[in-house]
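Novice: Provided herewith: model-v8.txt, compact mmCIF, C-alpha atoms.
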```
# COMPACT_ATOMS: atom_id res chain seq x y z
CA MET A 23 42.39 -67.16 -46.90
CA LYS A 24 44.96 -68.38 -44.40
CA LYS A 25 42.58 -67.54 -41.55
CA ILE A 26 39.79 -69.54 -43.19
CA ILE A 27 42.06 -72.58 -43.64
CA LEU A 28 43.26 -72.24 -40.06
CA PHE A 29 39.69 -72.06 -38.78
CA LEU A 30 38.56 -75.06 -40.81
CA THR A 31 41.59 -77.09 -39.72
CA SER A 32 40.95 -76.24 -36.07
CA ALA A 33 37.30 -77.18 -36.41
CA LEU A 34 38.23 -80.47 -38.03
CA VAL A 35 40.75 -81.33 -35.30
CA LEU A 36 38.24 -80.33 -32.64
CA ALA A 37 35.56 -82.53 -34.20
CA MET A 38 37.95 -85.48 -34.37
CA THR A 39 38.91 -85.16 -30.71
CA MET A 40 35.38 -84.75 -29.37
CA LEU A 41 34.39 -88.07 -27.86
CA PRO A 42 30.83 -89.07 -28.56
CA VAL A 43 28.80 -89.64 -25.38
CA PHE A 44 26.84 -92.83 -25.82
CA ALA A 45 23.57 -93.06 -23.97
CA ALA A 46 21.72 -96.23 -23.06
CA THR A 47 20.24 -98.01 -26.03
CA THR A 48 17.40 -100.44 -26.47
CA VAL A 49 18.08 -104.11 -27.04
CA ASN A 50 18.10 -104.56 -30.82
CA THR A 51 16.81 -107.63 -32.65
CA TYR A 52 20.27 -109.20 -32.99
CA GLU A 53 20.94 -108.81 -29.26
CA GLN A 54 17.46 -110.13 -28.48
CA SER A 55 18.28 -113.28 -30.47
CA ILE A 56 21.26 -113.83 -28.16
CA LEU A 57 19.08 -113.31 -25.07
CA ASP A 58 16.51 -115.74 -26.45
CA LYS A 59 19.17 -118.38 -27.06
CA LEU A 60 20.63 -117.91 -23.57
CA ALA A 61 17.16 -118.21 -22.07
CA ALA A 62 16.43 -121.40 -24.04
CA GLY A 63 19.56 -123.08 -22.68
CA VAL A 64 20.83 -126.54 -23.60
CA VAL A 65 19.10 -129.86 -23.00
CA VAL A 66 21.25 -132.43 -21.21
CA GLY A 67 19.41 -135.71 -20.85
CA THR A 68 15.99 -134.75 -19.60
CA LYS A 69 17.01 -131.46 -18.02
CA THR A 70 17.56 -128.01 -19.45
CA VAL A 71 20.65 -126.09 -18.41
CA ALA A 72 20.14 -122.35 -18.83
CA LEU A 73 21.12 -119.06 -17.32
CA SER A 74 19.16 -117.95 -14.30
CA THR A 75 16.76 -115.00 -14.37
CA GLU A 76 19.39 -112.86 -12.67
CA GLU A 77 22.07 -113.79 -15.20
CA LEU A 78 19.73 -113.00 -18.09
CA ASN A 79 19.05 -109.62 -16.49
CA ILE A 80 22.82 -109.02 -16.39
CA ALA A 81 22.98 -109.80 -20.10
CA LYS A 82 20.05 -107.48 -20.81
CA ASN A 83 21.64 -104.64 -18.87
CA PHE A 84 24.85 -105.24 -20.80
CA PHE A 85 23.07 -104.86 -24.15
CA MET A 86 21.59 -101.54 -22.95
CA MET A 87 25.01 -100.14 -22.03
CA ASP A 88 26.80 -97.28 -23.73
CA GLY A 89 28.31 -98.27 -27.03
CA VAL A 90 26.90 -101.80 -27.07
CA ASP A 91 24.98 -102.16 -30.30
CA PHE A 92 25.64 -105.58 -31.82
CA THR A 93 25.42 -106.04 -35.55
CA GLN A 94 24.15 -109.16 -37.28
CA ALA A 95 27.73 -110.35 -37.73
CA ASP A 96 28.46 -109.83 -34.02
CA ALA A 97 25.34 -111.75 -33.03
CA THR A 98 26.18 -114.59 -35.42
CA ALA A 99 29.62 -114.98 -33.83
CA ILE A 100 28.15 -115.07 -30.33
CA LEU A 101 25.35 -117.46 -31.31
CA ASP A 102 27.89 -119.82 -32.93
CA ALA A 103 29.97 -119.72 -29.74
CA ILE A 104 26.91 -120.52 -27.63
CA ASP A 105 26.28 -123.55 -29.88
CA ASP A 106 29.89 -124.68 -29.45
CA ILE A 107 29.65 -124.25 -25.68
CA ALA A 108 26.42 -126.26 -25.68
CA VAL A 109 28.26 -129.12 -27.42
CA VAL A 110 30.87 -129.14 -24.63
CA ILE A 111 28.21 -129.16 -21.92
CA LYS A 112 26.23 -131.94 -23.61
CA ALA A 113 29.36 -134.03 -24.07
CA ALA A 114 30.19 -133.57 -20.38
CA GLY A 115 26.70 -134.77 -19.46
CA VAL A 116 26.39 -132.46 -16.44
CA THR A 117 23.42 -130.32 -15.48
CA ASP A 118 25.37 -128.45 -12.80
CA LEU A 119 27.98 -126.32 -14.58
CA THR A 120 30.15 -126.17 -11.45
CA LYS A 121 30.77 -129.90 -11.93
CA LEU A 122 32.43 -129.50 -15.33
CA THR A 123 35.99 -130.76 -15.52
CA LEU A 124 38.87 -128.31 -15.62
CA ASP A 125 39.47 -129.14 -19.29
CA ASP A 126 35.83 -128.44 -20.14
CA LYS A 127 35.91 -125.15 -18.25
CA ASN A 128 39.09 -124.10 -20.05
CA GLU A 129 37.53 -125.01 -23.40
CA ILE A 130 34.42 -122.96 -22.63
CA LEU A 131 36.57 -120.07 -21.46
CA ALA A 132 38.56 -120.16 -24.70
CA LEU A 133 35.34 -120.18 -26.77
CA ALA A 134 33.92 -117.24 -24.80
CA GLN A 135 37.14 -115.25 -25.13
CA ALA A 136 37.36 -115.87 -28.88
CA ALA A 137 33.73 -114.94 -29.44
CA THR A 138 34.02 -111.76 -27.38
CA ALA A 139 37.14 -110.72 -29.25
CA SER A 140 35.38 -111.26 -32.58
CA VAL A 141 32.70 -108.66 -31.84
CA ALA A 142 33.56 -105.88 -34.25
CA SER A 143 31.13 -103.15 -33.17
CA ILE A 144 32.87 -102.64 -29.82
CA SER A 145 36.24 -103.77 -28.47
CA LEU A 146 35.60 -106.26 -25.68
CA THR A 147 37.66 -108.70 -23.66
CA PHE A 148 36.44 -111.65 -21.61
CA GLU A 149 38.45 -112.41 -18.50
CA TYR A 150 38.38 -115.01 -15.76
CA ASP A 151 40.03 -114.22 -12.43
CA VAL A 152 41.21 -117.47 -10.85
CA ALA A 153 41.73 -115.92 -7.41
CA THR A 154 38.25 -114.41 -7.07
CA LYS A 155 36.50 -116.85 -9.46
CA THR A 156 34.82 -114.03 -11.32
CA VAL A 157 34.23 -113.58 -15.02
CA SER A 158 34.31 -110.09 -16.45
CA ILE A 159 33.60 -108.45 -19.77
CA LEU A 160 35.66 -105.32 -20.22
CA SER A 161 35.77 -102.46 -22.65
CA GLY A 162 39.29 -101.21 -22.26
CA GLN A 163 39.81 -101.00 -18.51
CA SER A 164 36.14 -100.46 -17.70
CA VAL A 165 34.24 -103.42 -16.35
CA MET A 166 30.91 -103.75 -18.12
CA VAL A 167 29.87 -107.07 -16.60
CA GLN A 168 31.22 -108.97 -13.62
CA SER A 169 29.84 -112.16 -12.13
CA ASP A 170 31.00 -114.51 -9.42
CA VAL A 171 30.95 -118.05 -10.84
CA SER A 172 32.29 -119.88 -7.79
CA THR A 173 30.24 -122.64 -6.18
CA ALA A 174 29.70 -120.38 -3.18
CA SER A 175 28.45 -117.42 -5.16
CA THR A 176 25.18 -115.89 -4.06
CA VAL A 177 23.00 -113.03 -5.19
CA VAL A 178 22.57 -111.85 -1.59
CA LYS A 179 26.02 -110.83 -0.37
CA ASN A 180 27.73 -111.00 2.99
CA THR A 181 27.22 -107.51 4.41
CA GLY A 182 28.48 -107.87 7.96
CA MET A 183 31.38 -108.87 10.19
CA ASN A 184 30.91 -111.43 12.91
CA ALA A 185 33.46 -111.88 15.68
CA THR A 186 31.52 -114.30 17.86
CA VAL A 187 33.83 -117.27 17.25
CA SER A 188 36.90 -115.15 17.98
CA PHE A 189 35.31 -113.79 21.16
CA TRP A 190 34.60 -117.25 22.57
CA MET A 191 38.01 -118.62 21.62
CA PHE A 192 39.70 -115.63 23.22
CA SER A 193 37.68 -116.25 26.36
CA ILE A 194 38.57 -119.94 26.46
CA LEU A 195 42.23 -119.19 25.87
CA GLY A 196 42.22 -116.58 28.59
CA LEU A 197 40.63 -118.95 31.09
CA THR A 198 43.11 -121.65 30.13
CA MET A 199 46.02 -119.30 30.74
CA VAL A 200 44.63 -118.27 34.14
CA ALA A 201 44.17 -121.91 35.08
CA ALA A 202 47.71 -122.74 33.95
CA VAL A 203 49.20 -119.93 36.05
CA ALA A 204 47.15 -120.95 39.09
CA PHE A 205 48.27 -124.56 38.72
CA ALA A 206 51.90 -123.53 38.34
CA LYS A 207 51.77 -121.31 41.44
CA LYS A 208 50.13 -123.99 43.51
CA ASN A 209 52.82 -126.48 42.60
CA ASN A 210 55.67 -123.95 42.97
CA LEU A 211 56.62 -124.36 39.33
CA LEU A 212 57.38 -120.68 38.96
CA VAL A 213 60.02 -120.58 41.66
CA ALA A 214 63.53 -119.96 40.26
CA LYS A 215 65.95 -122.75 41.13
CA ALA A 216 69.21 -121.76 42.69
CA MET B 10 67.68 -132.43 24.06
CA ALA B 11 65.11 -132.87 21.30
CA ALA B 12 62.36 -131.85 23.72
CA ILE B 13 64.12 -128.56 24.47
CA LEU B 14 64.09 -127.76 20.77
CA PHE B 15 60.81 -129.17 19.49
CA VAL B 16 58.44 -128.47 22.39
CA PRO B 17 58.86 -124.67 22.18
CA LEU B 18 58.57 -124.87 18.40
CA LEU B 19 55.41 -126.90 18.69
CA PHE B 20 53.89 -124.47 21.16
CA SER B 21 54.87 -121.56 18.93
CA LEU B 22 53.17 -123.17 15.96
CA VAL B 23 50.02 -123.93 17.94
CA SER B 24 49.98 -120.36 19.26
CA CYS B 25 50.31 -118.92 15.76
CA VAL B 26 47.43 -121.03 14.49
CA LEU B 27 45.27 -120.08 17.46
CA LEU B 28 46.07 -116.39 17.08
CA TYR B 29 45.27 -116.50 13.36
CA VAL B 30 41.88 -118.08 13.99
CA LEU B 31 41.13 -115.63 16.77
CA LEU B 32 42.18 -112.55 14.86
CA LYS B 33 41.00 -113.53 11.38
CA PRO B 34 37.95 -111.25 11.31
CA THR B 35 40.09 -108.32 12.36
CA ILE B 36 42.90 -109.30 9.97
CA ASP B 37 40.48 -109.58 7.06
CA LEU B 38 39.02 -106.16 7.82
CA SER B 39 42.45 -104.58 8.24
CA LEU B 40 43.78 -106.12 5.03
CA SER B 41 40.69 -105.01 3.24
CA VAL B 42 41.22 -101.42 4.35
CA ALA B 43 44.98 -101.62 3.73
CA SER B 44 44.44 -102.92 0.20
CA MET B 45 42.83 -99.59 -0.62
CA VAL B 46 46.18 -97.85 -0.06
CA ILE B 47 48.77 -100.62 -0.48
CA ALA B 48 48.85 -102.66 -3.65
CA GLU B 49 51.29 -104.56 -5.81
CA ASN B 50 50.22 -102.53 -8.81
CA ALA B 51 49.57 -98.85 -9.06
CA PRO B 52 45.92 -98.30 -8.18
CA ASP B 53 43.63 -97.32 -10.99
CA PHE B 54 41.38 -94.86 -9.23
CA ASP B 55 39.45 -94.18 -12.40
CA ALA B 56 38.28 -97.79 -12.47
CA ASP B 57 37.76 -98.17 -8.72
CA LEU B 58 36.21 -94.95 -7.60
CA ASP B 59 34.73 -93.46 -10.71
CA SER B 60 31.58 -91.47 -10.36
CA ILE B 61 29.09 -90.33 -12.97
CA PHE B 62 26.72 -88.87 -10.41
CA GLN B 63 26.30 -85.14 -10.91
CA GLY B 64 23.90 -84.36 -8.06
CA LYS B 65 22.09 -81.71 -10.00
CA ASP B 66 18.57 -80.45 -9.39
CA LEU B 67 16.08 -82.13 -11.68
CA ILE B 68 12.75 -81.02 -13.10
CA ASP B 69 9.72 -83.16 -12.45
CA ARG B 70 8.83 -85.34 -15.41
CA SER B 71 6.56 -88.30 -15.88
CA THR B 72 8.87 -89.97 -18.40
CA VAL B 73 12.51 -89.73 -19.39
CA PRO B 74 13.90 -91.04 -22.70
CA LEU B 75 16.28 -93.99 -22.59
CA SER B 76 18.81 -91.84 -24.40
CA GLU B 77 19.23 -89.75 -21.23
CA VAL B 78 20.08 -92.77 -19.11
CA VAL B 79 23.65 -94.06 -18.79
CA ILE B 80 23.95 -97.69 -17.70
CA PRO B 81 27.08 -97.44 -15.53
CA TYR B 82 30.14 -99.64 -15.58
CA VAL B 83 30.67 -101.96 -12.63
CA GLY B 84 32.10 -100.13 -9.64
CA VAL B 85 30.78 -96.72 -10.65
CA HIS B 86 28.93 -94.39 -8.29
CA TYR B 87 25.78 -93.54 -10.23
CA ALA B 88 23.30 -92.26 -7.63
CA ASN B 89 22.79 -91.29 -4.01
CA LEU B 90 20.43 -93.15 -1.68
CA SER B 91 18.96 -91.34 1.29
CA ILE B 92 16.40 -91.80 4.03
CA GLN B 93 16.08 -88.40 5.61
CA ARG B 94 14.36 -89.28 8.89
CA ILE B 95 17.05 -91.73 9.99
CA ASP B 96 19.92 -89.61 8.66
CA LEU B 97 21.03 -92.13 6.06
CA ASP B 98 22.71 -90.67 2.98
CA VAL B 99 25.06 -92.94 1.04
CA ARG B 100 26.61 -93.39 -2.36
CA LEU B 101 25.00 -96.03 -4.54
CA TYR B 102 27.32 -98.05 -6.78
CA TRP B 103 26.55 -100.31 -9.72
CA GLY B 104 27.78 -103.73 -8.62
CA ASP B 105 28.01 -105.32 -5.18
CA SER B 106 31.42 -106.96 -4.93
CA GLU B 107 33.27 -107.01 -1.64
CA LYS B 108 35.41 -104.11 -2.81
CA ILE B 109 32.42 -102.00 -3.83
CA LEU B 110 30.59 -102.61 -0.56
CA ARG B 111 33.51 -101.03 1.29
CA TYR B 112 32.79 -97.71 -0.42
CA GLY B 113 29.02 -97.54 -0.19
CA ALA B 114 25.78 -99.30 -1.02
CA GLY B 115 26.06 -101.73 -3.92
CA GLN B 116 23.38 -102.68 -6.41
CA TYR B 117 23.27 -106.18 -7.85
CA ILE B 118 23.74 -105.85 -11.63
CA GLY B 119 21.14 -108.55 -12.24
CA SER B 120 18.54 -106.02 -11.08
CA PHE B 121 17.62 -102.78 -12.80
CA LEU B 122 18.17 -99.06 -12.52
CA PRO B 123 15.39 -96.84 -11.12
CA GLY B 124 12.65 -96.00 -13.59
CA PHE B 125 12.68 -99.27 -15.56
CA GLN B 126 9.63 -100.66 -13.71
CA LYS B 127 11.67 -103.65 -12.57
CA PRO B 128 13.20 -104.65 -9.22
CA LEU B 129 16.26 -103.09 -7.60
CA LEU B 130 18.38 -105.19 -5.17
CA ILE B 131 20.76 -103.13 -3.04
CA GLY B 132 23.02 -104.23 -0.18
CA GLY B 133 25.22 -102.44 2.34
CA HIS B 134 27.29 -103.28 5.40
CA ASN B 135 25.40 -103.33 8.70
CA LEU B 136 28.12 -101.63 10.77
CA SER B 137 28.84 -98.79 8.35
CA VAL B 138 26.83 -97.82 5.28
CA PHE B 139 23.49 -99.31 6.34
CA LYS B 140 23.94 -99.01 10.10
CA GLN B 141 21.04 -96.55 10.34
CA LEU B 142 18.72 -98.92 8.50
CA GLN B 143 17.89 -100.56 11.85
CA TYR B 144 15.79 -97.48 12.70
CA ILE B 145 13.65 -97.50 9.54
CA THR B 146 9.87 -97.75 9.90
CA LEU B 147 6.91 -98.32 7.60
CA ASP B 148 6.28 -94.57 7.38
CA ASP B 149 9.67 -93.79 5.90
CA GLU B 150 10.47 -92.91 2.32
CA ILE B 151 13.62 -93.93 0.48
CA VAL B 152 14.98 -91.54 -2.12
CA ILE B 153 17.33 -92.52 -4.95
CA HIS B 154 18.68 -89.47 -6.72
CA THR B 155 20.10 -90.21 -10.18
CA ASN B 156 21.29 -87.97 -12.99
CA TYR B 157 18.03 -88.48 -14.88
CA GLY B 158 15.43 -88.49 -12.12
CA GLU B 159 14.65 -88.54 -8.44
CA TYR B 160 12.85 -91.69 -7.31
CA VAL B 161 10.93 -92.05 -4.07
CA TYR B 162 9.98 -95.42 -2.63
CA ALA B 163 7.53 -96.07 0.22
CA VAL B 164 8.45 -98.81 2.68
CA ASP B 165 6.04 -101.77 2.45
CA GLU B 166 7.67 -104.34 4.65
CA ILE B 167 10.55 -104.73 7.08
CA VAL B 168 11.53 -108.31 7.80
CA VAL B 169 14.44 -110.55 8.80
CA LYS B 170 15.18 -113.41 6.41
CA LYS B 171 17.86 -115.99 5.74
CA ALA B 172 20.20 -115.12 2.88
CA ASP B 173 19.09 -118.22 0.96
CA ASP B 174 15.37 -117.68 1.54
CA PRO B 175 13.68 -118.32 -1.86
CA THR B 176 11.23 -115.47 -1.18
CA PHE B 177 14.05 -112.95 -0.66
CA TYR B 178 13.84 -111.51 -4.17
CA GLN B 179 12.02 -112.02 -7.45
CA LEU B 180 14.00 -110.25 -10.13
CA ASN B 181 11.84 -111.27 -13.09
CA GLN B 182 8.72 -109.45 -11.91
CA GLU B 183 7.41 -106.49 -13.94
CA VAL B 184 7.14 -104.31 -10.85
CA GLU B 185 9.61 -101.72 -9.59
CA GLN B 186 10.20 -103.18 -6.15
CA LEU B 187 13.07 -101.75 -4.10
CA ILE B 188 14.88 -104.29 -1.90
CA LEU B 189 17.46 -103.02 0.60
CA TYR B 190 19.30 -105.53 2.76
CA THR B 191 22.10 -105.78 5.28
CA CYS B 192 23.38 -108.36 7.73
CA TYR B 193 21.38 -108.91 10.91
CA PRO B 194 21.63 -108.33 13.80
CA PHE B 195 23.29 -104.93 13.88
CA ARG B 196 26.11 -105.88 16.20
CA ILE B 197 29.56 -107.40 15.93
CA LEU B 198 28.82 -110.32 18.25
CA SER B 199 25.99 -112.57 17.23
CA SER B 200 24.99 -116.18 17.14
CA ARG B 201 22.88 -115.52 14.04
CA ARG B 202 25.41 -115.30 11.22
CA TYR B 203 23.25 -115.77 8.16
CA ASP B 204 20.24 -113.51 8.62
CA ARG B 205 19.51 -110.38 6.63
CA PHE B 206 17.54 -107.31 7.61
CA VAL B 207 15.41 -106.65 4.53
CA VAL B 208 13.38 -103.57 3.59
CA TYR B 209 10.90 -103.79 0.72
CA GLY B 210 9.44 -100.73 -0.96
CA HIS B 211 7.49 -99.67 -4.02
CA ARG B 212 7.97 -96.58 -6.17
CA ILE B 213 5.62 -93.68 -5.50
CA SER B 214 7.24 -91.01 -7.65
CA GLY B 215 9.86 -90.56 -10.36
CA PRO B 216 9.85 -90.70 -14.16
CA ASP B 217 9.41 -93.89 -16.16
CA VAL B 218 12.29 -94.62 -18.52
CA LYS B 219 10.87 -95.01 -22.04
```
Spell out the structure here as structure tokens.
Specialist:
Amino acid sequence: MKKIILFLTSALVLAMTMLPVFAATTVNTYEQSILDKLAAGVVVGTKTVALSTEELNIAKNFFMMDGVDFTQADATAILDAIDDIAVVIKAAGVTDLTKLTLDDKNEILALAQAATASVASISLTFEYDVATKTVSILSGQSVMVQSDVSTASTVVKNTGMNATVSFWMFSILGLTMVAAVAFAKKNNLLVAKA
Amino acid sequence: MAAILFVPLLFSLVSCVLLYVLLKPTIDLSLSVASMVIAENAPDFDADLDSIFQGKDLIDRSTVPLSEVVIPYVGVHYANLSIQRIDLDVRLYWGDSEKILRYGAGQYIGSFLPGFQKPLLIGGHNLSVFKQLQYITLDDEIVIHTNYGEYVYAVDEIVVKKADDPTFYQLNQEVEQLILYTCYPFRILSSRRYDRFVVYGHRISGPDVK
């Protein structure tokens, strides 16, 4: 009897400590409603401000990630936040989001952080790095999404090092030094005075 | 008296500024490398250098279920990219930040994994990871080996483009186009700072993700 209890207890502990391995999942209907809303964007004046194709792809990849399976309640929270963010953008009257004021950006950041934290199906945090101007969505310490939101951000990255400017400045400096020494020698400026 | 004090100081300041401008590319590169081993906080290697790539032999399949695919976290090594003829064999990471590109080839996360019948956009540094790319030809095949399938792409086009060229990529197309790029030209001294060497390919084998 003791052996049976011991075996069952061990099996129970083992089952509790086995971490489930989540595989990629399809985008469910609730997540699709978020994608549709992001794609629709917000109308400011006569223009529509919406995420780019690439940014929508990032969102789609996020919804296919391990453990991301939004419920109706999760989607409702995110959709409400998108509506609130749209109000801020409309009130600002800008069609270029990089031209939002600092207060507007902070308000949008706060809305995004609150909405992300309210997702119950998975623990997420929304961060903005001031130094690198990147926004990230994390699950614990793992970065699920990361995007450069600076004005200089590009899809095609800088993948090289160019030292041409340095080379020419070094050359000019070197020539200047040689000229200075030649001038000094010619005018006996380097002769030590007794 | 003031000249004895301020003139040397002025020249020192000007020299420091000049030296900084001259050495900035080298300083940036050195700091970048140093930051991998020196940091204010203890480095989290699990987050920076994690790998889910198993490198196992795979059976040929026409399809693979979505449940077998793991969409990686940003900064994770998820596949290997190789071009056998030009001796190119590099790690492929999900994400293409400056930090990631120091370790290997980086895939833009607004593109898609192999097998999804959608475009892949992958970059790498011209003097390291993608240095051999300069020798690629139209007859070459690019292989991306993942945990769920091996994908082979035939090279369609090799071209030099500006980084902001609107025809560079089209990430909403329903075609699995492979786009590899690196800075051009392949040398440290160049008057052409903003060009990219771009290789376009299409998939010729590998399972569809369903």
Novice: Choose the residue, out of A:Ser140, A:Gln168, A:Thr48, A:Asn128, that has the smallest atom-to-atom separation from Asp102 in chain A; count all atoms listed in the file.
Specialist: A:Ser140
Novice: When you get a sec, could you note down which chain B residues fall within 6 Å of chain A, using all atoms listed in the file, as a list in words?
Specialist: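 Every residue of chain B that passes the 6 Å test is in Leu31, Leu75, Ser76, Val78, Val79, Ile80, Tyr82, Val83, Ile118, Gly119, Gly133, His134, Asn135, Thr191, Cys192, Ile197, Leu198 and Ser199 of chain B.
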Novice: Excluding Phe121 in chain B and residues on its chain fewer than 3 positions from it, collect all residues at most 10 Å away from it, counting all atoms listed in the file, and give them as a list in words.
Specialist: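 Final neighbour list, sorted by chain and number: Asn79, Ile80, Lys82 and Asn83 of chain A; Ile80, Trp103, Gln116, Tyr117, Ile118, Gly124, Phe125, Gln126, Lys127, Pro128, Leu129, Leu130, Leu180, Glu185, Gln186 and Leu187 of chain B.
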Novice: Output C-alpha atoms for every residue in that selection, as an mmCIF file, in the frame of the given file.
Specialist:
```
data_model
loop_
_atom_site.group_PDB
_atom_site.id
_atom_site.type_symbol
_atom_site.label_atom_id
_atom_site.label_comp_id
_atom_site.auth_asym_id
_atom_site.auth_seq_id
_atom_site.Cartn_x
_atom_site.Cartn_y
_atom_site.Cartn_z
ATOM 1 C CA ASN A 79 19.050 -109.620 -16.490
ATOM 2 C CA ILE A 80 22.820 -109.020 -16.390
ATOM 3 C CA LYS A 82 20.050 -107.480 -20.810
ATOM 4 C CA ASN A 83 21.640 -104.640 -18.870
ATOM 5 C CA ILE B 80 23.950 -97.690 -17.700
ATOM 6 C CA TRP B 103 26.550 -100.310 -9.720
ATOM 7 C CA GLN B 116 23.380 -102.680 -6.410
ATOM 8 C CA TYR B 117 23.270 -106.180 -7.850
ATOM 9 C CA ILE B 118 23.740 -105.850 -11.630
ATOM 10 C CA GLY B 124 12.650 -96.000 -13.590
ATOM 11 C CA PHE B 125 12.680 -99.270 -15.560
ATOM 12 C CA GLN B 126 9.630 -100.660 -13.710
ATOM 13 C CA LYS B 127 11.670 -103.650 -12.570
ATOM 14 C CA PRO B 128 13.200 -104.650 -9.220
ATOM 15 C CA LEU B 129 16.260 -103.090 -7.600
ATOM 16 C CA LEU B 130 18.380 -105.190 -5.170
ATOM 17 C CA LEU B 180 14.000 -110.250 -10.130
ATOM 18 C CA GLU B 185 9.610 -101.720 -9.590
ATOM 19 C CA GLN B 186 10.200 -103.180 -6.150
ATOM 20 C CA LEU B 187 13.070 -101.750 -4.100
#
```
Novice: Between CA of Thr138 in chain A and CA of Val110 in chain A, measure the distance and give it in Å to one decimal.
Specialist: 17.9 Å
Novice: May I ask which of the residues B:Cys25, B:Ile61, B:Ile153, B:Leu142 is the closest one to Val207 in chain B, counting only C-alpha atoms?
Specialist: B:Leu142
Novice: List every protein, DNA or RNA residue that has at least one atom no more than 6 Å from (27.4, -104.9, -1.2) in the file's coordinates, counting only C-alpha atoms, and write the result as a list in words.
Specialist: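 The residues near that point, listed by chain and number, are Asp105, Ser106, Leu110, Ala114, Gly115, Gly132 and Gly133 of chain B.
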Novice: Go through A:Ser55, A:Ser193, A:Val171, A:Ala204 and flag the residue nearest Lys121 in chain A, using all atoms listed in the file for the distances.
Specialist: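 When distances to Lys121 in chain A are compared using all atoms listed in the file, the smallest one comes from A:Val171.
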Novice: Pick out the residues sitting within 12 Å of Thr176 in chain B, and hand them over as a PDB file with C-alpha atoms, in the frame of the given file; count only C-alpha atoms, and ignore anything fewer than 3 positions along from it in its own chain.
Specialist:
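Now in part_19.pdb:
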```
ATOM      1  CA  VAL A 178      22.570-111.850  -1.590  1.00  0.00           C
TER       2      VAL A 178
ATOM      3  CA  VAL B 168      11.530-108.310   7.800  1.00  0.00           C
ATOM      4  CA  VAL B 169      14.440-110.550   8.800  1.00  0.00           C
ATOM      5  CA  LYS B 170      15.180-113.410   6.410  1.00  0.00           C
ATOM      6  CA  LYS B 171      17.860-115.990   5.740  1.00  0.00           C
ATOM      7  CA  ALA B 172      20.200-115.120   2.880  1.00  0.00           C
ATOM      8  CA  ASP B 173      19.090-118.220   0.960  1.00  0.00           C
ATOM      9  CA  GLN B 179      12.020-112.020  -7.450  1.00  0.00           C
ATOM     10  CA  LEU B 180      14.000-110.250 -10.130  1.00  0.00           C
ATOM     11  CA  ILE B 188      14.880-104.290  -1.900  1.00  0.00           C
ATOM     12  CA  VAL B 207      15.410-106.650   4.530  1.00  0.00           C
ATOM     13  CA  TYR B 209      10.900-103.790   0.720  1.00  0.00           C
TER      14      TYR B 209
END
```
Novice: Report, in Å to a single decimal, how far apart CA of Glu166 in chain B and CA of Tyr178 in chain B are.
Specialist: 12.9 Å
Novice: Quick one: distance from CA of Asp165 in chain B to CA of Leu147 in chain B in Å, one decimal?
Specialist: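 Atom-to-atom, CA of Asp165 in chain B and CA of Leu147 in chain B are spaced 6.3 Å apart.
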Novice: Compile the contact shell of Lys112 in chain A as a VMD selection string: residues with an atom at most 9 Å away, counting all atoms listed in the file, same-chain residues fewer than 3 positions apart removed.
Specialist: chain A and resid 64 to 67 107 to 109 115 to 117
Novice: Counting only C-alpha atoms, find residues at most 12 Å from (35.3, -118.3, -30.3) (file frame) and give them as a list in words.
Specialist: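 Output: Asp96, Thr98, Ala99, Ile100, Leu101, Asp102, Ala103, Ile104, Asp105, Asp106, Ile107, Glu129, Ile130, Leu131, Ala132, Leu133, Ala134, Gln135, Ala136, Ala137, Thr138, Ala139, Ser140, Val141, Thr147 and Phe148 of chain A.
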